[in-house]
>>> print(open('run_24.txt').read())   # compact mmCIF, C-alpha atoms
# COMPACT_ATOMS: atom_id res chain seq x y z
CA MET A 925 43.72 204.30 78.66
CA ALA A 926 41.99 206.45 76.05
CA LYS A 927 41.91 205.15 72.49
CA ILE A 928 42.49 207.62 69.68
CA LEU A 929 39.72 206.87 67.18
CA SER A 930 37.81 208.45 64.34
CA LEU A 931 34.73 210.29 65.55
CA SER A 932 32.42 207.86 63.78
CA GLN A 933 34.08 204.90 65.51
CA ALA A 934 34.12 206.65 68.90
CA VAL A 935 30.37 207.34 68.72
CA ALA A 936 29.54 203.88 67.38
CA GLU A 937 31.41 202.18 70.21
CA ASN A 938 30.35 204.41 73.09
CA VAL A 939 26.88 205.88 72.44
CA HIS A 940 24.06 203.37 72.58
CA ASP A 941 20.31 203.70 72.12
CA GLY A 942 18.67 204.54 75.43
CA ASP A 943 21.84 205.99 77.01
CA THR A 944 21.96 208.95 79.34
CA VAL A 945 24.26 211.35 77.51
CA ALA A 946 25.89 214.56 78.75
CA MET A 947 27.33 216.89 76.08
CA GLU A 948 28.85 219.70 78.12
CA GLY A 949 30.40 223.04 77.25
CA PHE A 950 29.60 226.44 78.69
CA THR A 951 29.51 228.86 75.71
CA HIS A 952 33.04 227.64 74.94
CA LEU A 953 33.97 224.24 73.46
CA ILE A 954 30.46 222.89 72.81
CA PRO A 955 30.83 219.49 71.04
CA TYR A 956 28.80 220.21 67.89
CA ALA A 957 30.67 217.82 65.58
CA ALA A 958 30.17 214.94 68.00
CA GLY A 959 26.49 215.77 68.41
CA HIS A 960 26.06 215.76 64.64
CA GLU A 961 27.71 212.34 64.46
CA VAL A 962 25.21 211.05 67.03
CA ILE A 963 22.41 212.32 64.76
CA ARG A 964 23.97 210.81 61.62
CA GLN A 965 24.23 207.42 63.29
CA GLY A 966 20.55 207.52 64.18
CA LYS A 967 20.98 207.08 67.93
CA LYS A 968 17.60 207.16 69.64
CA ASP A 969 15.84 207.23 73.01
CA LEU A 970 18.67 209.26 74.54
CA TYR A 971 18.21 210.99 77.88
CA LEU A 972 20.09 214.26 77.51
CA VAL A 973 21.78 216.02 80.41
CA ARG A 974 23.32 219.48 80.26
CA MET A 975 23.56 222.58 82.42
CA THR A 976 22.76 224.94 79.55
CA PRO A 977 21.21 223.18 76.54
CA ASP A 978 21.30 225.43 73.50
CA ILE A 979 21.35 224.89 69.73
CA LEU A 980 23.02 221.46 69.79
CA TYR A 981 20.34 219.96 71.99
CA ASP A 982 17.67 221.77 69.95
CA GLN A 983 18.97 219.79 66.98
CA LEU A 984 19.02 216.47 68.82
CA ILE A 985 15.51 217.03 70.15
CA GLY A 986 14.24 218.15 66.74
CA VAL A 987 15.38 214.97 64.98
CA GLY A 988 13.67 212.83 67.62
CA ALA A 989 16.84 211.45 69.19
CA ALA A 990 15.85 212.42 72.75
CA ARG A 991 13.27 210.92 75.09
CA GLY A 992 14.03 213.35 77.89
CA MET A 993 16.31 216.06 79.22
CA LYS A 994 17.69 217.14 82.60
CA PHE A 995 18.85 220.75 82.55
CA SER A 996 19.08 224.06 84.36
CA TRP A 997 18.49 226.58 81.57
CA GLY A 998 17.48 226.09 77.94
CA GLY A 999 17.59 228.69 75.21
CA ASN A 1000 19.39 230.22 72.25
CA PRO A 1001 21.85 232.43 74.20
CA GLY A 1002 21.44 236.11 73.42
CA VAL A 1003 18.60 235.37 70.97
CA GLY A 1004 15.57 233.66 72.53
CA SER A 1005 13.77 230.32 72.66
CA LEU A 1006 14.83 226.93 71.39
CA HIS A 1007 11.97 226.28 68.97
CA ARG A 1008 12.51 222.54 68.51
CA PHE A 1009 12.70 222.06 72.27
CA ARG A 1010 9.57 224.15 72.72
CA ASP A 1011 7.71 222.25 69.97
CA ALA A 1012 8.55 218.94 71.65
CA VAL A 1013 7.29 220.11 75.05
CA GLU A 1014 4.18 221.92 73.83
CA ASN A 1015 3.16 219.74 70.85
CA GLN A 1016 5.05 216.46 71.36
CA TRP A 1017 6.77 216.90 67.96
CA PRO A 1018 8.56 214.89 66.78
CA ARG A 1019 7.98 212.94 70.01
CA PRO A 1020 7.10 213.68 73.64
CA LEU A 1021 9.98 214.93 75.76
CA GLU A 1022 10.32 214.30 79.49
CA ILE A 1023 11.95 217.24 81.27
CA GLU A 1024 13.56 217.67 84.68
CA GLU A 1025 14.59 221.23 85.52
CA HIS A 1026 17.13 222.28 88.13
CA SER A 1027 19.16 225.33 89.07
CA HIS A 1028 22.71 225.84 87.79
CA ALA A 1029 24.04 225.26 91.30
CA ALA A 1030 22.16 221.98 91.66
CA MET A 1031 23.41 220.67 88.31
CA ALA A 1032 27.01 221.59 89.10
CA ASN A 1033 26.79 219.94 92.51
CA ALA A 1034 25.12 216.86 91.02
CA TYR A 1035 27.99 216.45 88.55
CA GLU A 1036 30.48 216.85 91.42
CA ALA A 1037 28.66 214.14 93.37
CA GLY A 1038 28.70 211.84 90.36
CA ALA A 1039 32.40 212.42 89.85
CA ALA A 1040 32.99 211.54 93.52
CA ASN A 1041 30.79 208.40 93.23
CA LEU A 1042 28.35 209.77 95.79
CA PRO A 1043 24.60 209.03 95.56
CA PHE A 1044 23.42 212.62 95.89
CA ALA A 1045 24.53 216.23 96.18
CA MET A 1046 23.73 218.75 98.92
CA LEU A 1047 23.57 222.50 98.54
CA ARG A 1048 22.18 225.63 100.09
CA GLY A 1049 19.62 226.39 97.46
CA TYR A 1050 16.00 226.48 96.33
CA ILE A 1051 15.00 228.64 99.32
CA GLY A 1052 11.79 230.36 98.26
CA ALA A 1053 11.91 228.76 94.80
CA ASP A 1054 9.03 226.95 93.10
CA LEU A 1055 11.03 224.22 91.34
CA PRO A 1056 10.74 221.78 94.29
CA LYS A 1057 6.97 221.93 93.83
CA VAL A 1058 7.20 220.45 90.32
CA ASN A 1059 10.40 218.38 90.57
CA PRO A 1060 10.20 215.43 92.99
CA ASN A 1061 13.96 214.91 92.64
CA ILE A 1062 14.60 218.05 94.68
CA ARG A 1063 14.41 217.03 98.33
CA ASN A 1064 15.76 218.02 101.73
CA VAL A 1065 18.27 216.49 104.12
CA THR A 1066 19.11 217.54 107.65
CA CYS A 1067 22.74 217.97 108.65
CA PRO A 1068 23.46 215.48 111.47
CA PHE A 1069 25.92 217.92 113.07
CA THR A 1070 24.14 221.29 112.95
CA GLY A 1071 20.51 220.46 112.19
CA GLU A 1072 20.57 222.72 109.14
CA VAL A 1073 18.11 221.72 106.40
CA LEU A 1074 19.79 221.53 102.98
CA ALA A 1075 18.57 220.84 99.47
CA ALA A 1076 19.49 217.47 97.97
CA VAL A 1077 19.47 216.23 94.35
CA PRO A 1078 20.49 212.89 92.81
CA ALA A 1079 24.05 212.60 91.53
CA ILE A 1080 24.45 212.80 87.76
CA ARG A 1081 26.09 209.62 86.44
CA PRO A 1082 25.82 209.61 82.62
CA ASP A 1083 26.40 206.51 80.55
CA VAL A 1084 28.58 208.67 78.31
CA ALA A 1085 29.93 212.21 78.49
CA ILE A 1086 30.96 214.03 75.31
CA ILE A 1087 33.09 217.17 75.32
CA HIS A 1088 35.32 219.18 72.99
CA ALA A 1089 38.81 220.26 74.04
CA LEU A 1090 41.80 222.08 72.62
CA ARG A 1091 44.59 219.51 72.47
CA ALA A 1092 45.46 215.92 73.24
CA ASP A 1093 48.83 214.23 73.25
CA ARG A 1094 49.47 210.90 71.58
CA LYS A 1095 48.85 209.04 74.83
CA GLY A 1096 45.34 210.49 75.05
CA ASN A 1097 45.88 213.09 77.77
CA VAL A 1098 43.64 216.10 77.07
CA LEU A 1099 44.12 219.83 77.73
CA LEU A 1100 41.24 222.23 78.37
CA GLU A 1101 41.84 225.98 78.70
CA GLY A 1102 39.58 229.01 78.92
CA ILE A 1103 36.00 228.70 80.17
CA VAL A 1104 35.68 225.04 81.09
CA GLY A 1105 32.25 224.78 82.70
CA VAL A 1106 31.62 221.29 84.11
CA GLN A 1107 33.39 219.29 81.41
CA LYS A 1108 35.87 217.77 83.88
CA GLU A 1109 33.13 216.73 86.30
CA ALA A 1110 30.94 215.31 83.50
CA VAL A 1111 33.78 213.13 82.22
CA LEU A 1112 34.72 211.88 85.69
CA ALA A 1113 31.07 211.14 86.51
CA ALA A 1114 30.41 209.16 83.32
CA LYS A 1115 30.88 205.47 82.62
CA ARG A 1116 32.36 206.29 79.20
CA SER A 1117 33.62 209.46 77.55
CA ILE A 1118 34.40 210.89 74.12
CA VAL A 1119 36.62 213.95 73.71
CA THR A 1120 36.99 215.66 70.35
CA VAL A 1121 40.04 217.92 70.04
CA GLU A 1122 41.44 220.62 67.77
CA GLU A 1123 44.91 219.09 67.64
CA ILE A 1124 46.88 216.00 68.61
CA VAL A 1125 50.40 216.98 69.60
CA ASP A 1126 53.57 215.33 70.87
CA GLU A 1127 53.56 217.32 74.11
CA LEU A 1128 50.85 219.38 75.80
CA ASN A 1129 52.00 222.97 76.11
CA PRO A 1130 52.51 224.34 79.63
CA PRO A 1131 48.99 224.96 80.89
CA SER A 1132 47.63 228.37 81.77
CA PRO A 1133 46.40 229.11 85.32
CA ASN A 1134 42.78 228.19 84.55
CA SER A 1135 43.45 225.08 82.48
CA VAL A 1136 42.58 221.46 83.20
CA VAL A 1137 44.41 218.31 82.08
CA LEU A 1138 42.25 215.20 81.85
CA PRO A 1139 44.48 212.12 82.12
CA THR A 1140 44.25 209.36 79.56
CA TRP A 1141 43.25 206.81 82.19
CA ALA A 1142 40.08 208.82 82.93
CA LEU A 1143 38.94 208.88 79.28
CA THR A 1144 37.54 206.33 76.84
CA ALA A 1145 38.05 207.81 73.37
CA VAL A 1146 39.75 210.83 71.80
CA ALA A 1147 38.96 211.96 68.25
CA LEU A 1148 40.72 214.61 66.18
CA VAL A 1149 38.06 217.01 64.85
CA PRO A 1150 39.44 220.49 64.04
CA GLY A 1151 36.65 223.06 64.25
CA GLY A 1152 34.47 220.59 66.13
CA ALA A 1153 33.01 223.20 68.49
CA PHE A 1154 31.72 225.58 65.79
CA PRO A 1155 29.53 227.71 65.98
CA SER A 1156 30.67 228.01 69.60
CA TYR A 1157 34.31 228.96 70.00
CA ALA A 1158 37.63 227.31 70.82
CA GLN A 1159 40.05 229.63 72.60
CA GLY A 1160 42.98 230.43 70.33
CA TYR A 1161 41.49 228.62 67.31
CA TYR A 1162 38.30 230.39 66.20
CA ALA A 1163 35.69 232.82 67.45
CA ARG A 1164 32.05 232.25 68.30
CA SER A 1165 29.71 232.79 65.35
CA ASN A 1166 27.15 235.11 66.88
CA ALA A 1167 25.60 235.42 63.42
CA PHE A 1168 24.80 231.72 63.32
CA TYR A 1169 23.03 231.80 66.68
CA ILE A 1170 20.88 234.63 65.31
CA ALA A 1171 20.26 232.73 62.08
CA TRP A 1172 19.24 229.59 63.98
CA ASP A 1173 16.19 231.37 65.38
CA GLU A 1174 14.66 231.52 61.89
CA ILE A 1175 15.92 228.10 60.78
CA ALA A 1176 14.43 226.31 63.79
CA ARG A 1177 11.06 228.10 63.93
CA ASP A 1178 9.64 226.01 61.09
CA ARG A 1179 9.72 222.20 61.08
CA ASP A 1180 10.41 221.96 57.35
CA SER A 1181 13.24 224.50 57.34
CA PHE A 1182 14.77 222.75 60.34
CA LEU A 1183 14.64 219.34 58.67
CA ALA A 1184 16.08 220.76 55.44
CA TRP A 1185 18.99 222.27 57.40
CA ILE A 1186 19.65 218.97 59.18
CA ASP A 1187 19.63 217.09 55.88
CA GLU A 1188 22.11 219.47 54.22
CA HIS A 1189 24.43 220.29 57.11
CA VAL A 1190 24.35 217.11 59.19
CA MET A 1191 23.16 214.08 57.24
CA LYS A 1192 25.03 215.03 54.05
CA ALA A 1193 28.09 216.33 55.89
CA GLY A 1194 30.83 214.87 58.06
CA PRO A 1195 33.28 215.75 60.85
CA GLU A 1196 35.83 216.89 58.27
CA ASP A 1197 33.53 219.74 57.23
CA PHE A 1198 34.15 221.52 60.55
CA ALA A 1199 37.84 222.10 59.72
CA LYS A 1200 36.98 225.04 57.45
CA TYR A 1201 36.07 227.14 60.49
CA VAL A 1202 39.49 226.96 62.16
CA GLY A 1203 41.26 230.29 62.12
CA LYS A 1204 38.41 232.00 60.31
CA LYS A 1205 36.23 234.89 61.34
CA PRO A 1206 32.63 234.07 62.27
CA VAL A 1207 30.35 233.37 59.31
CA LYS A 1208 26.58 233.58 58.87
CA SER A 1209 25.77 229.91 58.51
CA ALA A 1210 27.16 226.50 59.28
>>> encode(input="run_24.txt", output="structure tokens")
Amino acid sequence: MAKILSLSQAVAENVHDGDTVAMEGFTHLIPYAAGHEVIRQGKKDLYLVRMTPDILYDQLIGVGAARGMKFSWGGNPGVGSLHRFRDAVENQWPRPLEIEEHSHAAMANAYEAGAANLPFAMLRGYIGADLPKVNPNIRNVTCPFTGEVLAAVPAIRPDVAIIHALRADRKGNVLLEGIVGVQKEAVLAAKRSIVTVEEIVDELNPPSPNSVVLPTWALTAVALVPGGAFPSYAQGYYARSNAFYIAWDEIARDRDSFLAWIDEHVMKAGPEDFAKYVGKKPVKSA
């Protein structure tokens, strides 16, 4: 059964140095507050997994928390490159970064396989693509019934999955609505999980047609962190700050300006600072 904890306690108990960590969220409900807590606690040697690493993983890579990353697309959406990610790959600053690149379809199927406790995922993919030439973890299997050759990738089984959601009840059941990406699969594939939420309520409201309820028995820890997905958005709570994604391009280009931003907005801040974004229009900085 999920324990309702403070974010600092949830991270301290469930994220360990050297862990494989998946922080999922597809444009919507990206767990920024939780990622910042991981940075504040000085977790290191993490192997990051995410379908679409953007600013949050740029921050984790830039502070030296990551030893590697498995991903299918990396960038500042709508803006351009992730400069801290690029600096780590090209210049090994602040440390070398191992990378393993896949397609979106392969990542989604690998999470599904992990959630089902299968060793690998199969898909019709990579036909004519060059990624198999540089990624030895993309292989082929032959269907024993039809003889069709399919692509195969290892299942994703994180040590810990971290997501942000809209609401939890007092038993630790969690409601996701809107664009949900692979949050459900990441949680079910992981050994441990942390879910930050906008609200803790007595009863979960009737779900909408595209919602997901994660049961308390499938989760490890739930933490109340209003605004915890900013500058991404939480449906019904606050909008995406497009201005911040644009501003990040300049902040992250320079190592010194990046480190100054981390010091002011992460190391000298806390989860409670995210609450100011709830119900507000997008702002220019975080």
>>> atom_distance(input="run_24.txt", atom1="CA of Leu1112 in chain A", atom2="CA of Ala1032 in chain A")
12.9 Å
>>> atom_distance(input="run_24.txt", atom1="CA of Asp1180 in chain A", atom2="CA of Gln983 in chain A")
13.1 Å
>>> closest_residue(input="run_24.txt", among="A:Pro1018, A:Val1190, A:Glu961, A:Met975", to="Gly988 in chain A", atoms="all atoms listed in the file")
A:Pro1018
>>> residues_around(input="run_24.txt", residues="Ser996 in chain A", least_positions_apart="6", cutoff="9 Å", atoms="all atoms listed in the file", output="PDB file with C-alpha atoms, keeping the file's coordinate frame")
ATOM      1  CA  ARG A 974      23.320 219.480  80.260  1.00  0.00           C
ATOM      2  CA  MET A 975      23.560 222.580  82.420  1.00  0.00           C
ATOM      3  CA  THR A 976      22.760 224.940  79.550  1.00  0.00           C
ATOM      4  CA  PRO A 977      21.210 223.180  76.540  1.00  0.00           C
ATOM      5  CA  GLU A1024      13.560 217.670  84.680  1.00  0.00           C
ATOM      6  CA  GLU A1025      14.590 221.230  85.520  1.00  0.00           C
ATOM      7  CA  HIS A1026      17.130 222.280  88.130  1.00  0.00           C
ATOM      8  CA  SER A1027      19.160 225.330  89.070  1.00  0.00           C
ATOM      9  CA  HIS A1028      22.710 225.840  87.790  1.00  0.00           C
ATOM     10  CA  ALA A1029      24.040 225.260  91.300  1.00  0.00           C
ATOM     11  CA  ALA A1030      22.160 221.980  91.660  1.00  0.00           C
ATOM     12  CA  MET A1031      23.410 220.670  88.310  1.00  0.00           C
TER      13      MET A1031
END
>>> closest_residue(input="run_24.txt", among="A:Ala1037, A:Leu1143, A:Ile1175, A:Ile1062", to="Ala1085 in chain A", atoms="all atoms listed in the file")
A:Leu1143
>>> residues_near_point(input="run_24.txt", point="(17.1, 217.6, 97.7)", cutoff="7 Å", atoms="only C-alpha atoms", output="PyMOL selection string")
chain A and resi 1046+1061-1065+1075-1077
>>> closest_residue(input="run_24.txt", among="A:His952, A:His940, A:His1189, A:Arg1091", to="Val1104 in chain A", atoms="all atoms listed in the file")
A:His952
>>> atom_distance(input="run_24.txt", atom1="CA of Gly1049 in chain A", atom2="CA of Pro1078 in chain A")
14.3 Å
>>> residues_around(input="run_24.txt", residues="Arg1081 in chain A", least_positions_apart="6", cutoff="9 Å", atoms="only C-alpha atoms", output="tab-separated table (two decimals) with C-alpha atoms, in the coordinates of the input")
chain	number	residue	atom	x	y	z
A	944	THR	CA	21.96	208.95	79.34
A	1034	ALA	CA	25.12	216.86	91.02
A	1035	TYR	CA	27.99	216.45	88.55
A	1037	ALA	CA	28.66	214.14	93.37
A	1038	GLY	CA	28.70	211.84	90.36
A	1039	ALA	CA	32.40	212.42	89.85
A	1041	ASN	CA	30.79	208.40	93.23
A	1110	ALA	CA	30.94	215.31	83.50
A	1112	LEU	CA	34.72	211.88	85.69
A	1113	ALA	CA	31.07	211.14	86.51
A	1114	ALA	CA	30.41	209.16	83.32
A	1115	LYS	CA	30.88	205.47	82.62
>>> closest_residue(input="run_24.txt", among="A:Leu1100, A:Ala1145, A:Val987, A:Val1137", to="His960 in chain A", atoms="all atoms listed in the file")
A:Val987
>>> closest_residue(input="run_24.txt", among="A:Ala934, A:Ala1092, A:Ile1080, A:Leu984", to="Ala1045 in chain A", atoms="only C-alpha atoms")
A:Ile1080
>>> closest_residue(input="run_24.txt", among="A:Lys1095, A:Gly999, A:Tyr971, A:Arg1048", to="Val1073 in chain A", atoms="all atoms listed in the file")
A:Arg1048
>>> residues_near_point(input="run_24.txt", point="(20.7, 230.9, 72.7)", cutoff="7 Å", atoms="all atoms listed in the file", output="ChimeraX atom specification")
/A:978-979,999-1005,1169
>>> residues_around(input="run_24.txt", residues="Ile1086 in chain A", least_positions_apart="4", cutoff="9 Å", atoms="only C-alpha atoms", output="VMD selection string")
chain A and resid 945 to 948 955 958 to 959 1107 1110 to 1111 1116 to 1120
>>> build_atoms(input="run_24.txt", residues="range 1157-1193 of chain A", atoms="N, CA and C atoms", output="mmCIF file, in the coordinates of the input")
data_model
loop_
_atom_site.group_PDB
_atom_site.id
_atom_site.type_symbol
_atom_site.label_atom_id
_atom_site.label_comp_id
_atom_site.auth_asym_id
_atom_site.auth_seq_id
_atom_site.Cartn_x
_atom_site.Cartn_y
_atom_site.Cartn_z
ATOM 1 N N TYR A 1157 32.930 228.613 70.299
ATOM 2 C CA TYR A 1157 34.310 228.960 70.000
ATOM 3 C C TYR A 1157 35.300 228.049 70.715
ATOM 4 N N ALA A 1158 36.524 228.022 70.208
ATOM 5 C CA ALA A 1158 37.630 227.310 70.820
ATOM 6 C C ALA A 1158 38.753 228.318 71.034
ATOM 7 N N GLN A 1159 39.080 228.581 72.274
ATOM 8 C CA GLN A 1159 40.050 229.630 72.600
ATOM 9 C C GLN A 1159 41.356 229.434 71.827
ATOM 10 N N GLY A 1160 41.742 230.476 71.084
ATOM 11 C CA GLY A 1160 42.980 230.430 70.330
ATOM 12 C C GLY A 1160 42.858 229.806 68.954
ATOM 13 N N TYR A 1161 41.672 229.286 68.594
ATOM 14 C CA TYR A 1161 41.490 228.620 67.310
ATOM 15 C C TYR A 1161 40.464 229.322 66.426
ATOM 16 N N TYR A 1162 39.312 229.681 66.968
ATOM 17 C CA TYR A 1162 38.300 230.390 66.200
ATOM 18 C C TYR A 1162 37.298 231.018 67.149
ATOM 19 N N ALA A 1163 36.633 232.054 66.637
ATOM 20 C CA ALA A 1163 35.690 232.820 67.450
ATOM 21 C C ALA A 1163 34.282 232.228 67.376
ATOM 22 N N ARG A 1164 33.463 232.641 68.305
ATOM 23 C CA ARG A 1164 32.050 232.250 68.300
ATOM 24 C C ARG A 1164 31.336 232.939 67.145
ATOM 25 N N SER A 1165 30.492 232.210 66.440
ATOM 26 C CA SER A 1165 29.710 232.790 65.350
ATOM 27 C C SER A 1165 28.385 233.295 65.903
ATOM 28 N N ASN A 1166 28.387 234.517 66.385
ATOM 29 C CA ASN A 1166 27.150 235.110 66.880
ATOM 30 C C ASN A 1166 26.084 235.147 65.787
ATOM 31 N N ALA A 1167 26.537 235.351 64.538
ATOM 32 C CA ALA A 1167 25.600 235.420 63.420
ATOM 33 C C ALA A 1167 24.840 234.111 63.243
ATOM 34 N N PHE A 1168 25.502 232.992 63.489
ATOM 35 C CA PHE A 1168 24.800 231.720 63.320
ATOM 36 C C PHE A 1168 23.733 231.529 64.395
ATOM 37 N N TYR A 1169 24.030 231.927 65.620
ATOM 38 C CA TYR A 1169 23.030 231.800 66.680
ATOM 39 C C TYR A 1169 21.792 232.636 66.349
ATOM 40 N N ILE A 1170 22.011 233.799 65.749
ATOM 41 C CA ILE A 1170 20.880 234.630 65.310
ATOM 42 C C ILE A 1170 20.128 233.939 64.171
ATOM 43 N N ALA A 1171 20.884 233.395 63.218
ATOM 44 C CA ALA A 1171 20.260 232.730 62.080
ATOM 45 C C ALA A 1171 19.457 231.498 62.494
ATOM 46 N N TRP A 1172 19.929 230.813 63.551
ATOM 47 C CA TRP A 1172 19.240 229.590 63.980
ATOM 48 C C TRP A 1172 17.804 229.861 64.415
ATOM 49 N N ASP A 1173 17.548 231.040 64.938
ATOM 50 C CA ASP A 1173 16.190 231.370 65.380
ATOM 51 C C ASP A 1173 15.199 231.198 64.242
ATOM 52 N N GLU A 1174 15.554 231.646 63.044
ATOM 53 C CA GLU A 1174 14.660 231.520 61.890
ATOM 54 C C GLU A 1174 14.652 230.106 61.343
ATOM 55 N N ILE A 1175 15.821 229.480 61.288
ATOM 56 C CA ILE A 1175 15.920 228.100 60.780
ATOM 57 C C ILE A 1175 15.031 227.162 61.590
ATOM 58 N N ALA A 1176 15.080 227.286 62.911
ATOM 59 C CA ALA A 1176 14.430 226.310 63.790
ATOM 60 C C ALA A 1176 12.952 226.597 64.044
ATOM 61 N N ARG A 1177 12.469 227.776 63.678
ATOM 62 C CA ARG A 1177 11.060 228.100 63.930
ATOM 63 C C ARG A 1177 10.112 227.170 63.173
ATOM 64 N N ASP A 1178 10.498 226.802 61.967
ATOM 65 C CA ASP A 1178 9.640 226.010 61.090
ATOM 66 C C ASP A 1178 10.168 224.576 61.004
ATOM 67 N N ARG A 1179 9.286 223.607 61.124
ATOM 68 C CA ARG A 1179 9.720 222.200 61.080
ATOM 69 C C ARG A 1179 10.391 221.862 59.765
ATOM 70 N N ASP A 1180 9.852 222.313 58.657
ATOM 71 C CA ASP A 1180 10.410 221.960 57.350
ATOM 72 C C ASP A 1180 11.777 222.596 57.135
ATOM 73 N N SER A 1181 11.933 223.855 57.516
ATOM 74 C CA SER A 1181 13.240 224.500 57.340
ATOM 75 C C SER A 1181 14.281 223.865 58.258
ATOM 76 N N PHE A 1182 13.864 223.455 59.432
ATOM 77 C CA PHE A 1182 14.770 222.750 60.340
ATOM 78 C C PHE A 1182 15.230 221.434 59.728
ATOM 79 N N LEU A 1183 14.287 220.638 59.241
ATOM 80 C CA LEU A 1183 14.640 219.340 58.670
ATOM 81 C C LEU A 1183 15.505 219.494 57.414
ATOM 82 N N ALA A 1184 15.255 220.518 56.634
ATOM 83 C CA ALA A 1184 16.080 220.760 55.440
ATOM 84 C C ALA A 1184 17.504 221.117 55.861
ATOM 85 N N TRP A 1185 17.655 221.914 56.919
ATOM 86 C CA TRP A 1185 18.990 222.270 57.400
ATOM 87 C C TRP A 1185 19.723 221.031 57.913
ATOM 88 N N ILE A 1186 19.035 220.195 58.671
ATOM 89 C CA ILE A 1186 19.650 218.970 59.180
ATOM 90 C C ILE A 1186 20.104 218.082 58.025
ATOM 91 N N ASP A 1187 19.279 217.944 57.011
ATOM 92 C CA ASP A 1187 19.630 217.090 55.880
ATOM 93 C C ASP A 1187 20.895 217.598 55.179
ATOM 94 N N GLU A 1188 20.968 218.913 54.965
ATOM 95 C CA GLU A 1188 22.110 219.470 54.220
ATOM 96 C C GLU A 1188 23.371 219.548 55.067
ATOM 97 N N HIS A 1189 23.253 219.972 56.319
ATOM 98 C CA HIS A 1189 24.430 220.290 57.110
ATOM 99 C C HIS A 1189 24.833 219.215 58.111
ATOM 100 N N VAL A 1190 24.004 218.204 58.288
ATOM 101 C CA VAL A 1190 24.350 217.110 59.190
ATOM 102 C C VAL A 1190 24.374 215.782 58.441
ATOM 103 N N MET A 1191 23.243 215.396 57.863
ATOM 104 C CA MET A 1191 23.160 214.080 57.240
ATOM 105 C C MET A 1191 24.050 213.964 55.993
ATOM 106 N N LYS A 1192 24.195 215.045 55.257
ATOM 107 C CA LYS A 1192 25.030 215.030 54.050
ATOM 108 C C LYS A 1192 26.413 215.619 54.289
ATOM 109 N N ALA A 1193 26.784 215.763 55.536
ATOM 110 C CA ALA A 1193 28.090 216.330 55.890
ATOM 111 C C ALA A 1193 28.839 215.327 56.765
#
